[in-house]
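*Asks:* If it helps, the file is called target20.cif and holds mmCIF, C-alpha atoms and all ligand atoms:
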data_my_file
loop_
_atom_site.group_PDB
_atom_site.id
_atom_site.type_symbol
_atom_site.label_atom_id
_atom_site.label_comp_id
_atom_site.auth_asym_id
_atom_site.auth_seq_id
_atom_site.Cartn_x
_atom_site.Cartn_y
_atom_site.Cartn_z
ATOM 1 C CA MET M 40 8.770 22.537 -7.702
ATOM 2 C CA THR M 41 5.393 21.828 -6.203
ATOM 3 C CA ILE M 42 2.270 23.940 -6.041
ATOM 4 C CA HIS M 43 0.656 23.869 -2.601
ATOM 5 C CA VAL M 44 -3.064 24.561 -2.364
ATOM 6 C CA HIS M 45 -4.460 24.877 1.143
ATOM 7 C CA ARG M 46 -8.246 25.100 1.200
ATOM 8 C CA ASP M 47 -10.604 25.937 4.059
ATOM 9 C CA ARG M 48 -9.345 24.300 7.287
ATOM 10 C CA ASP M 49 -6.240 22.820 5.618
ATOM 11 C CA GLU M 50 -3.007 23.274 7.507
ATOM 12 C CA GLN M 51 0.526 21.923 7.629
ATOM 13 C CA ASP M 52 1.621 20.697 11.042
ATOM 14 C CA TRP M 53 4.946 21.488 12.736
ATOM 15 C CA HIS M 54 7.909 19.887 10.978
ATOM 16 C CA PHE M 55 11.428 20.244 9.627
ATOM 17 C CA ASP M 56 12.065 20.047 5.890
ATOM 18 C CA VAL M 57 14.241 17.382 4.279
ATOM 19 C CA SER M 58 15.574 19.895 1.755
ATOM 20 C CA GLU M 59 18.513 22.120 2.605
ATOM 21 C CA TYR M 60 16.556 25.215 1.754
ATOM 22 C CA THR M 61 13.326 26.138 0.045
ATOM 23 C CA ILE M 62 12.163 29.062 -2.035
ATOM 24 C CA VAL M 63 8.474 29.865 -1.697
ATOM 25 C CA LEU M 64 6.513 32.228 -3.929
ATOM 26 C CA HIS M 65 3.180 33.214 -2.434
ATOM 27 C CA ILE M 66 0.518 33.410 -5.139
ATOM 28 C CA LEU M 67 -2.853 33.706 -3.401
ATOM 29 C CA ALA M 68 -3.759 34.540 0.201
ATOM 30 C CA PRO M 69 -6.765 33.185 2.090
ATOM 31 C CA GLU M 70 -9.225 35.409 3.915
ATOM 32 C CA LYS M 71 -7.788 34.255 7.234
ATOM 33 C CA GLY M 72 -4.938 32.052 8.495
ATOM 34 C CA GLY M 73 -2.344 30.346 6.337
ATOM 35 C CA VAL M 74 0.478 32.028 8.237
ATOM 36 C CA LEU M 75 3.967 30.512 8.140
ATOM 37 C CA GLU M 76 5.068 30.187 11.761
ATOM 38 C CA TYR M 77 8.682 29.227 12.439
ATOM 39 C CA VAL M 78 11.195 29.008 15.239
ATOM 40 C CA PRO M 79 14.559 30.090 13.767
ATOM 41 C CA ARG M 80 17.470 27.636 14.113
ATOM 42 C CA SER M 81 15.566 25.390 16.539
ATOM 43 C CA ARG M 82 16.495 21.927 15.259
ATOM 44 C CA THR M 83 19.337 21.158 17.669
ATOM 45 C CA GLU M 84 17.293 22.337 20.651
ATOM 46 C CA VAL M 85 14.268 20.267 19.592
ATOM 47 C CA GLU M 86 16.351 17.138 19.006
ATOM 48 C CA GLN M 87 18.073 17.464 22.385
ATOM 49 C CA ASP M 88 14.931 18.190 24.409
ATOM 50 C CA HIS M 89 11.561 16.830 23.312
ATOM 51 C CA ASP M 90 9.812 19.137 25.807
ATOM 52 C CA VAL M 91 10.796 21.975 23.476
ATOM 53 C CA LEU M 92 8.746 20.388 20.686
ATOM 54 C CA ARG M 93 5.815 19.742 23.023
ATOM 55 C CA ALA M 94 5.896 23.335 24.287
ATOM 56 C CA THR M 95 6.116 24.777 20.763
ATOM 57 C CA VAL M 96 3.173 22.712 19.512
ATOM 58 C CA ALA M 97 1.205 23.707 22.627
ATOM 59 C CA GLY M 98 1.827 27.404 21.839
ATOM 60 C CA GLU M 99 3.922 27.953 24.964
ATOM 61 C CA ARG M 100 6.920 29.420 23.107
ATOM 62 C CA GLN M 101 5.287 32.324 21.269
ATOM 63 C CA ALA M 102 8.161 34.654 22.217
ATOM 64 C CA LEU M 103 10.513 32.572 20.053
ATOM 65 C CA THR M 104 8.064 31.959 17.215
ATOM 66 C CA ARG M 105 8.126 34.227 14.178
ATOM 67 C CA GLU M 106 5.245 34.717 11.744
ATOM 68 C CA LEU M 107 5.206 35.399 8.029
ATOM 69 C CA ALA M 108 1.836 36.255 6.545
ATOM 70 C CA THR M 109 0.925 35.004 3.085
ATOM 71 C CA THR M 110 1.191 38.069 0.851
ATOM 72 C CA PRO M 111 0.844 37.393 -2.892
ATOM 73 C CA GLY M 112 4.060 38.186 -4.744
ATOM 74 C CA THR M 113 6.292 37.634 -1.725
ATOM 75 C CA LEU M 114 9.351 35.465 -2.388
ATOM 76 C CA VAL M 115 10.644 33.661 0.693
ATOM 77 C CA LEU M 116 14.012 31.951 1.151
ATOM 78 C CA HIS M 117 13.221 29.422 3.855
ATOM 79 C CA PHE M 118 15.735 27.399 5.908
ATOM 80 C CA GLY M 119 13.180 24.790 6.981
ATOM 81 C CA ARG M 120 15.730 22.075 7.619
ATOM 82 C CA VAL M 121 16.902 23.779 10.795
ATOM 83 C CA SER M 122 13.840 25.842 11.693
ATOM 84 C CA LEU M 123 10.754 24.114 13.077
ATOM 85 C CA HIS M 124 7.777 25.477 11.147
ATOM 86 C CA ARG M 125 4.141 25.075 10.187
ATOM 87 C CA VAL M 126 1.346 26.689 8.172
ATOM 88 C CA THR M 127 -1.577 27.674 10.397
ATOM 89 C CA PRO M 128 -5.111 26.593 9.394
ATOM 90 C CA VAL M 129 -6.615 28.370 6.406
ATOM 91 C CA TYR M 130 -10.154 29.770 6.702
ATOM 92 C CA GLY M 131 -12.488 30.981 3.985
ATOM 93 C CA ALA M 132 -13.412 30.302 0.390
ATOM 94 C CA THR M 133 -10.134 31.600 -1.064
ATOM 95 C CA PRO M 134 -7.342 29.008 -0.894
ATOM 96 C CA ARG M 135 -3.742 29.706 0.083
ATOM 97 C CA ILE M 136 -1.634 28.945 -3.000
ATOM 98 C CA SER M 137 2.146 28.940 -3.132
ATOM 99 C CA ALA M 138 4.855 27.559 -5.390
ATOM 100 C CA THR M 139 7.640 25.779 -3.527
ATOM 101 C CA LEU M 140 11.073 25.011 -4.927
ATOM 102 C CA SER M 141 13.063 22.655 -2.694
ATOM 103 C CA TYR M 142 16.769 21.921 -3.030
ATOM 104 C CA ILE M 143 18.661 18.815 -1.970
ATOM 105 C CA SER M 144 22.338 18.645 -2.953
ATOM 106 C CA THR M 145 22.745 14.871 -2.633
ATOM 107 C CA PRO M 146 22.204 12.917 -5.879
ATOM 108 C CA ASP M 147 18.821 11.161 -5.986
ATOM 109 C CA GLY M 148 17.712 12.938 -2.811
ATOM 110 C CA GLN M 149 13.948 12.916 -2.299
ATOM 111 C CA LEU M 150 11.211 13.274 0.270
ATOM 112 C CA ASN M 151 10.551 10.269 2.492
ATOM 113 C CA ALA M 152 7.773 7.847 1.515
ATOM 114 C CA TYR M 153 5.317 9.227 4.080
ATOM 115 C CA THR M 154 5.688 12.780 2.796
ATOM 116 C CA ARG M 155 5.513 11.717 -0.863
ATOM 117 C CA SER M 156 2.312 9.854 -0.098
ATOM 118 C CA ARG M 157 0.820 12.886 1.723
ATOM 119 C CA TYR M 158 1.820 15.417 -0.931
ATOM 120 C CA PHE M 159 1.352 13.438 -4.122
ATOM 121 C CA GLY M 160 -0.909 10.505 -3.180
ATOM 122 C CA ARG M 161 1.755 7.982 -4.209
ATOM 123 C CA THR M 162 5.322 7.023 -3.324
ATOM 124 C CA GLU M 163 6.694 6.050 -6.771
HETATM 125 FE FE FE M 201 8.165 22.683 5.361
#
Re-express the file's structure as structure tokens.

*Replies:*
Amino acid sequence: MTIHVHRDRDEQDWHFDVSEYTIVLHILAPEKGGVLEYVPRSRTEVEQDHDVLRATVAGERQALTRELATTPGTLVLHFGRVSLHRVTPVYGATPRISATLSYISTPDGQLNAYTRSRYFGRTE
């Protein structure tokens, strides 16, 4: 489990998760932003056509993009391994805080070195 704290202007760019699924408990909502945007079951499409990724990042596929606001107390079961997703920029003095529990069924499974470095400031 990790605690994610997004402060003013923090965001999480578009990505797929390494974990098979994730449970997120929203604890604190910012004044503005911090919305989980996701494109359900988009991984195969994105991997087969990189224009899909470009168009999603450019905001050209809003009809397929779903939004989930940060509401304290909300428990989310998230299938981020197959659904492209991001957290939109947070604005204001109140941070977005959430607890994230990620599950990988393979023994010794872990985030890649880049992600460990970004999340935890170290890879070991
Ligand atoms: Fe994610």

*Asks:* Identify, counting all atoms listed in the file, the protein, DNA and RNA residues located within 9 Å of ligand FE 201 (chain M), and give them as a ChimeraX atom specification.

*Replies:* /M:51-58,61,117-120,123-126

*Asks:* Which of these, M:Arg161, M:Arg155, M:His45, M:His65, has the shortest distance to Leu107 of chain M once you count all atoms listed in the file?

*Replies:*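 Closest residue, counting all atoms listed in the file: M:His65.
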
*Asks:* Once you count only C-alpha atoms, which residues end up no further than 10 Å from (6.6, 11.1, -1.1) in the file's frame, shown as number ranges by chain?

*Replies:* M: 149-163

*Asks:* Residues within 12 Å of Ala132 of chain M, please, as a list in words. Count all atoms listed in the file; anything in the same chain fewer than 4 positions from it doesn't count.

*Replies:*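 So, after excluding close chain neighbours, the residues are His45, Arg46, Asp47, Arg48, Asp49, Leu67, Ala68, Pro69, Glu70, Lys71 and Gly72 of chain M.
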
*Asks:* Out of M:Thr95, M:Thr113, M:Ser137, M:Thr41, which residue has the shortest atom-to-atom distance to Tyr77 of chain M when counting all atoms listed in the file?

*Replies:*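 With all atoms listed in the file as the atom set, the closest residue is M:Thr95.
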
*Asks:* Measure the distance from atom CA of Gly112 of chain M to atom CA of Tyr142 of chain M in Å and round it to one decimal.

*Replies:* 20.7 Å

*Asks:* Hey, can you check how far atom CA of Thr104 of chain M sits from atom CA of Pro134 of chain M?

*Replies:*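 Distance reported for this atom pair: 24.0 Å.
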
*Asks:* Evaluate the PyMOL selection byres (((chain M and resi 106) around 6) and not hetatm) and record the selected residues as a list in words, following the chain and residue labels used in the document.

*Replies:*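 So the PyMOL selection byres (((chain M and resi 106) around 6) and not hetatm) ends up selecting Leu75, Glu76, Arg105 and Leu107 of chain M.
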
*Asks:* To one decimal place in Å, what is the distance between atom CA of Gln101 of chain M and atom CA of Arg135 of chain M?

*Replies:*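 Between atom CA of Gln101 of chain M and atom CA of Arg135 of chain M the gap works out to 23.2 Å.
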
*Asks:* Might you pull out every residue within 6 Å of Val63 of chain M, with all atoms listed in the file counted and same-chain residues fewer than 2 positions away left off, and present them as a list in words?

*Replies:*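 My list of contacting residues is Leu114, Val115, Ala138 and Thr139 of chain M.
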
*Asks:* Just the residues within 6 Å of Ser122 of chain M, please, counting all atoms listed in the file, with nothing from its chain fewer than 2 positions along; format it as a list in words.

*Replies:* Val78, Pro79, Arg80, Ser81, Arg82, Gly119 and Arg120 of chain M

*Asks:* Which of these residues is nearest to Glu59 of chain M, using all atoms listed in the file: M:Ala97, M:Asp90, M:Ile143, M:Gly148?

*Replies:*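 Using all atoms listed in the file, Glu59 of chain M sits closest to M:Ile143.
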
*Asks:* Check the smallest atom-to-atom distance from each of M:Leu140, M:Pro146, M:Ala108, M:Glu84 to His43 of chain M using all atoms listed in the file, then report the winner.

*Replies:* M:Leu140

*Asks:* Which of these, M:Ala94, M:Ile136, M:Thr83, M:Leu64, has the shortest distance to Leu116 of chain M once you count all atoms listed in the file?

*Replies:*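 The answer is M:Leu64, which sits nearest to Leu116 of chain M.
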
*Asks:* Which of these residues is nearest to Gly73 of chain M, using all atoms listed in the file: M:Glu99, M:Asp147, M:Glu50, M:Asp88?

*Replies:*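 Closest candidate: M:Glu50.
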
*Asks:* Please complete segment 59-74 of chain M so it has N, CA and C atoms, and hand it over as a PDB file, in the coordinates of the input.

*Replies:*
ATOM      1  N   GLU M  59      17.578  21.229   1.925  1.00  0.00           N
ATOM      2  CA  GLU M  59      18.513  22.120   2.605  1.00  0.00           C
ATOM      3  C   GLU M  59      17.954  23.531   2.708  1.00  0.00           C
ATOM      4  N   TYR M  60      17.281  23.957   1.690  1.00  0.00           N
ATOM      5  CA  TYR M  60      16.556  25.215   1.754  1.00  0.00           C
ATOM      6  C   TYR M  60      15.431  25.184   0.736  1.00  0.00           C
ATOM      7  N   THR M  61      14.517  26.099   0.886  1.00  0.00           N
ATOM      8  CA  THR M  61      13.326  26.138   0.045  1.00  0.00           C
ATOM      9  C   THR M  61      13.036  27.581  -0.346  1.00  0.00           C
ATOM     10  N   ILE M  62      12.622  27.754  -1.581  1.00  0.00           N
ATOM     11  CA  ILE M  62      12.163  29.062  -2.035  1.00  0.00           C
ATOM     12  C   ILE M  62      10.653  28.960  -2.228  1.00  0.00           C
ATOM     13  N   VAL M  63       9.934  29.876  -1.627  1.00  0.00           N
ATOM     14  CA  VAL M  63       8.474  29.865  -1.697  1.00  0.00           C
ATOM     15  C   VAL M  63       8.004  31.178  -2.333  1.00  0.00           C
ATOM     16  N   LEU M  64       7.157  31.054  -3.336  1.00  0.00           N
ATOM     17  CA  LEU M  64       6.513  32.228  -3.929  1.00  0.00           C
ATOM     18  C   LEU M  64       5.032  32.178  -3.566  1.00  0.00           C
ATOM     19  N   HIS M  65       4.592  33.158  -2.797  1.00  0.00           N
ATOM     20  CA  HIS M  65       3.180  33.214  -2.434  1.00  0.00           C
ATOM     21  C   HIS M  65       2.373  33.757  -3.615  1.00  0.00           C
ATOM     22  N   ILE M  66       1.318  33.045  -3.962  1.00  0.00           N
ATOM     23  CA  ILE M  66       0.518  33.410  -5.139  1.00  0.00           C
ATOM     24  C   ILE M  66      -0.851  33.952  -4.750  1.00  0.00           C
ATOM     25  N   LEU M  67      -1.500  33.302  -3.794  1.00  0.00           N
ATOM     26  CA  LEU M  67      -2.853  33.706  -3.401  1.00  0.00           C
ATOM     27  C   LEU M  67      -2.985  33.562  -1.887  1.00  0.00           C
ATOM     28  N   ALA M  68      -3.585  34.552  -1.253  1.00  0.00           N
ATOM     29  CA  ALA M  68      -3.759  34.540   0.201  1.00  0.00           C
ATOM     30  C   ALA M  68      -5.206  34.224   0.568  1.00  0.00           C
ATOM     31  N   PRO M  69      -5.405  33.456   1.629  1.00  0.00           N
ATOM     32  CA  PRO M  69      -6.765  33.185   2.090  1.00  0.00           C
ATOM     33  C   PRO M  69      -7.323  34.386   2.846  1.00  0.00           C
ATOM     34  N   GLU M  70      -8.619  34.331   3.138  1.00  0.00           N
ATOM     35  CA  GLU M  70      -9.225  35.409   3.915  1.00  0.00           C
ATOM     36  C   GLU M  70      -8.611  35.475   5.314  1.00  0.00           C
ATOM     37  N   LYS M  71      -8.300  34.305   5.866  1.00  0.00           N
ATOM     38  CA  LYS M  71      -7.788  34.255   7.234  1.00  0.00           C
ATOM     39  C   LYS M  71      -6.881  33.038   7.374  1.00  0.00           C
ATOM     40  N   GLY M  72      -5.844  33.165   8.210  1.00  0.00           N
ATOM     41  CA  GLY M  72      -4.938  32.052   8.495  1.00  0.00           C
ATOM     42  C   GLY M  72      -3.909  31.860   7.387  1.00  0.00           C
ATOM     43  N   GLY M  73      -3.354  30.639   7.341  1.00  0.00           N
ATOM     44  CA  GLY M  73      -2.344  30.346   6.337  1.00  0.00           C
ATOM     45  C   GLY M  73      -1.020  31.049   6.601  1.00  0.00           C
ATOM     46  N   VAL M  74      -0.749  31.328   7.847  1.00  0.00           N
ATOM     47  CA  VAL M  74       0.478  32.028   8.237  1.00  0.00           C
ATOM     48  C   VAL M  74       1.611  31.009   8.410  1.00  0.00           C
TER      49      VAL M  74
END
